[in-house]
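Each remark here refers to the structure printed beneath this line.
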Amino acid sequence: MRKIILLLAVLLFLLTSCGETSERGAEINYKQGFVDISIASEGNKEEYQGQPLELPITVHNILAYDIEDVSVAIKGFDNHFVEMYAEQQQLSLLEGRSIFNHEGMKQQFLFEGLIKSLLPGTEKEPEDYRIYVNYGSKVEFSPSICVTAQQGSSGGAGYETYQGGCTFQKEISYQGQGAPLGVTGLEIVPRQGRQVELRMTVENKGKGKVGKVMFAGATLGGKPLSCEFRGDTVENSFLFDPEQKPATLICAGHLSSDAAYTTPLFVELLYDYEINQKEQLMILE
């Protein structure tokens, strides 16, 4: 009887622990902050001349989203000293962090080549190279916001007022949504006829370069919003310039009430991204 009771107690403990772990995992919000993928060159930092080169590169997706059409390239070696058999490799998908995969996925790419001979009298030769990673991904902006149709709610920055249903803020700042690209600011402008205008500031806070940002869809309280970028737009998308100036996305929609109320906002953006990392290989005689 004691053995049965002990066994039941152990099973109950395991079930409780698993349930608590699952609940804790579900509570983690990965879609916050500004995050870049992790790149690591895991080969030897020193190699001898006349030897084969094996250069393993690991890409770790710690974003809150999957990355697609991943391209990893090695550039910068002097062909007189290093011959790469292939400078680029592809991967269709690398999953990001989620409640099902708290760490995100890693993928190793093995680049092979040949270390050539040094110049006569040379004992060592430092070779700088860069690892380039290109991919496409998305970012989701999904806060709950207080909206109102009252025209008197158009104060300046930081303006707040309680209007019965919720506290209305004209301008709100955000700290990212789990990717290098994200919405950093929102301005809510009430319009006549239960209309509202939402002005979002989209910025690249990562170490890499954002190419094209495309609007994929937006809703307010489950109802579609009409949105467009202001500035350098091409086919409902925005092109970031080399200085990485922020983009402005303006959305317009219809409110369901004159009074202030809280409702969910959802915006999805697609983007292209490139990040590179400098490394060095020392060739020895």
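Chain labels follow the order of the structure tokens: the first chain is A, the next B, and so on; residue numbering restarts at 1 in every chain, and ligands are counted from 1 in their shown order.
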
Note to self: Considering only strand (DSSP E) as DSSP defines it on the backbone, what residues of region 99-141 of chain A qualify? List them as a ChimeraX atom specification.
What the structure shows: /A:106-115,124-141

Item checked: Polymer residues at most 8 Å from region 250-254 of chain A, only C-alpha atoms, same-chain spacing of 3 or more positions, as a PyMOL selection string -> chain A and resi 194-200+220+224-230

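The two atoms in question, CA of Pro190 (chain A) and CA of Phe141 (chain A), are spaced 20.3 Å apart.
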
Notebook entry, point to check: Hey, what's within 8 Å of region 36-46 of chain A if we count only C-alpha atoms and toss same-chain stuff fewer than 3 positions away? As a PyMOL selection string, please?
Noted result: chain A and resi 54-63+179-180+206-207+277+279-284

With C-alpha atoms retained, could you export that selection as a JSON list (two decimals), in the first residue's frame?
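Listed below is the output, again_12.json:
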```
[["chain", "number", "residue", "atom", "x", "y", "z"],
["A", 54, "GLU", "CA", 36.67, 23.81, -42.92],
["A", 55, "LEU", "CA", 34.73, 26.85, -41.75],
["A", 56, "PRO", "CA", 31.50, 26.02, -39.85],
["A", 57, "ILE", "CA", 29.11, 28.97, -39.47],
["A", 58, "THR", "CA", 26.18, 28.73, -37.05],
["A", 59, "VAL", "CA", 23.10, 30.94, -37.42],
["A", 60, "HIS", "CA", 20.78, 31.06, -34.40],
["A", 61, "ASN", "CA", 17.33, 32.59, -34.85],
["A", 62, "ILE", "CA", 16.42, 34.21, -31.52],
["A", 63, "LEU", "CA", 13.75, 36.45, -33.06],
["A", 179, "ALA", "CA", 12.72, 41.69, -34.19],
["A", 180, "PRO", "CA", 15.30, 44.22, -35.43],
["A", 206, "GLY", "CA", 19.16, 46.21, -35.34],
["A", 207, "LYS", "CA", 22.81, 46.12, -36.40],
["A", 277, "GLN", "CA", 29.83, 40.14, -38.99],
["A", 279, "GLU", "CA", 35.94, 37.68, -38.53],
["A", 280, "GLN", "CA", 39.65, 36.89, -38.97],
["A", 281, "LEU", "CA", 41.62, 33.79, -39.91],
["A", 282, "MET", "CA", 45.37, 33.65, -39.24],
["A", 283, "ILE", "CA", 47.33, 31.60, -41.79],
["A", 284, "LEU", "CA", 50.57, 30.14, -40.43]]
```

Notebook entry, point to check: Which polymer residues have any atom within 10 Å of an atom of Phe266 (chain A), counting only C-alpha atoms, with same-chain residues fewer than 5 positions away left out, as a list of chain:residue names?
Noted result: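 Result of the neighbour search: A:Glu140, A:Phe141, A:Ser142, A:Pro143, A:Ser144, A:Gly217, A:Ala218, A:Thr219, A:Leu220, A:Gly221, A:Gly222, A:Lys223, A:Pro224, A:Leu225.
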
Notebook entry, point to check: Mind pulling up the distance from CA of Met84 (chain A) to CA of Lys124 (chain A)?
Noted result: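 Computed distance, CA of Lys124 (chain A) to CA of Met84 (chain A), equals 19.2 Å.
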